[in-house]
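**Student:** The file below is entry_8.txt, compact mmCIF, C-alpha atoms:
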```
# COMPACT_ATOMS: atom_id res chain seq x y z
CA MET A 1 8.14 11.72 14.79
CA VAL A 2 9.71 9.21 12.41
CA THR A 3 12.83 10.16 10.45
CA THR A 4 12.84 8.82 6.90
CA VAL A 5 16.15 7.59 5.48
CA PHE A 6 17.29 6.69 1.96
CA ILE A 7 20.41 4.50 1.52
CA ALA A 8 22.68 4.66 -1.56
CA ASP A 9 25.57 2.22 -1.89
CA ASP A 10 26.74 0.01 -4.75
CA GLN A 11 27.21 -2.99 -2.44
CA ALA A 12 23.95 -4.82 -1.68
CA MET A 13 25.29 -6.21 1.60
CA VAL A 14 26.08 -2.71 2.87
CA ARG A 15 22.62 -1.42 1.89
CA GLN A 16 20.96 -4.39 3.57
CA GLY A 17 23.09 -4.06 6.71
CA PHE A 18 22.42 -0.37 7.18
CA GLY A 19 18.78 -0.95 6.32
CA ALA A 20 18.45 -3.62 9.00
CA LEU A 21 20.24 -1.53 11.63
CA LEU A 22 18.29 1.63 10.91
CA GLY A 23 14.98 -0.12 10.34
CA ALA A 24 15.20 -1.72 13.79
CA GLN A 25 14.88 1.73 15.38
CA ASP A 26 11.37 2.83 16.33
CA ASP A 27 11.88 6.38 15.12
CA ILE A 28 13.57 5.61 11.77
CA SER A 29 11.98 4.37 8.57
CA VAL A 30 14.12 3.34 5.58
CA VAL A 31 12.05 4.48 2.60
CA GLY A 32 14.28 3.26 -0.22
CA ASP A 33 17.72 2.46 -1.56
CA ALA A 34 19.79 2.65 -4.72
CA ASP A 35 22.91 0.96 -6.08
CA ASN A 36 24.23 3.97 -8.01
CA GLY A 37 24.25 7.74 -7.79
CA ARG A 38 22.01 8.40 -10.78
CA THR A 39 19.20 6.26 -9.37
CA ALA A 40 19.72 7.81 -5.94
CA VAL A 41 19.13 11.30 -7.34
CA SER A 42 15.86 10.35 -9.02
CA GLU A 43 14.59 8.28 -6.07
CA VAL A 44 15.42 10.96 -3.51
CA ALA A 45 13.50 13.49 -5.63
CA ARG A 46 10.53 11.12 -5.70
CA LEU A 47 10.60 9.95 -2.06
CA LEU A 48 11.83 13.13 -0.32
CA PRO A 49 13.51 11.44 2.68
CA ASP A 50 14.70 13.41 5.70
CA VAL A 51 18.20 11.87 5.51
CA VAL A 52 20.27 10.36 2.70
CA LEU A 53 23.05 7.94 3.65
CA MET A 54 25.27 7.80 0.57
CA ASP A 55 28.50 6.06 -0.41
CA VAL A 56 31.05 8.33 -2.07
CA ARG A 57 32.26 5.78 -4.64
CA MET A 58 29.45 4.40 -6.80
CA PRO A 59 28.96 3.66 -10.50
CA GLU A 60 27.18 5.92 -13.01
CA MET A 61 27.42 8.95 -10.70
CA ASN A 62 29.59 9.13 -7.60
CA GLY A 63 28.10 10.06 -4.25
CA LEU A 64 29.56 13.56 -4.19
CA ASP A 65 28.06 14.46 -7.57
CA ALA A 66 24.78 12.84 -6.56
CA ALA A 67 24.69 14.85 -3.33
CA ARG A 68 25.33 18.05 -5.27
CA ALA A 69 22.50 17.20 -7.67
CA ILE A 70 20.12 16.45 -4.78
CA LEU A 71 21.01 19.70 -3.02
CA SER A 72 20.70 21.69 -6.22
CA ALA A 73 17.27 20.23 -6.93
CA SER A 74 16.09 20.90 -3.37
CA HIS A 75 17.11 24.55 -3.61
CA ALA A 76 15.35 24.94 -6.95
CA SER A 77 12.01 23.84 -5.44
```
Could you quickly redo this structure as structure tokens?
**Tutor:**
Amino acid sequence: MVTTVFIADDQAMVRQGFGALLGAQDDISVVGDADNGRTAVSEVARLLPDVVLMDVRMPEMNGLDAARAILSASHAS
């Protein structure tokens, strides 16, 4: 079984680094990324990854608020 992962971080180098490390694993697939919390919320709702790796400090919506929004939306479904 492959675990799908979404990466949210405002620094492109961090997203690319984690993406490369995780993507090199046979049982992990990076399905998307975002550079801010607001985009992360909408993309996670669209892609439905198994795991979200999210930075706490990001523009537009911080990672904590984005995580709350993702959890709230998942419980509403």
**Student:** Which one of A:Leu64, A:Leu71, A:Gly37, A:Val5 sits closest to Phe18 of chain A if you count all atoms listed in the file?
**Tutor:**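 For Phe18 of chain A, the nearest of the given residues is A:Val5.
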**Student:** Neighbours of Arg57 of chain A within 12 Å (all atoms listed in the file; same-chain residues fewer than 6 positions away dropped), as a list in words?
**Tutor:** Ala8, Asp9, Asp10, Gln11, Asp35, Asn36, Gly37, Gly63, Leu64, Asp65, Ala66 and Ala67 of chain A
**Student:** Go ahead and find all residues with at least one atom no further than 12 Å from (13.8, 14.7, -6.4) in the file's coordinates, using only C-alpha atoms; report them as a list in words.
**Tutor:**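 With a cut-off of 12 Å, the residues come to Arg38, Thr39, Ala40, Val41, Ser42, Glu43, Val44, Ala45, Arg46, Leu47, Leu48, Pro49, Val52, Ala66, Ala67, Ala69, Ile70, Leu71, Ser72, Ala73, Ser74, His75, Ala76 and Ser77 of chain A.
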**Student:** Work out how far apart atom CA of Met1 of chain A and atom CA of Asp26 of chain A are and give it in Å to one decimal.
**Tutor:**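 Taking atom CA of Met1 of chain A as the start and atom CA of Asp26 of chain A as the end point, the length is 9.6 Å.
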**Student:** Please measure the separation of atom CA of Met61 of chain A and atom CA of Ala20 of chain A, giving the value in Å to one decimal.
**Tutor:**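 That distance, rounded to one decimal, is 25.0 Å.
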**Student:** Here is a test: counting only C-alpha atoms, which residue of A:Arg15, A:Ala34, A:Ser29, A:Arg68 is nearest to Val51 of chain A?
**Tutor:**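 Result for the nearest residue to Val51 of chain A: A:Ser29.
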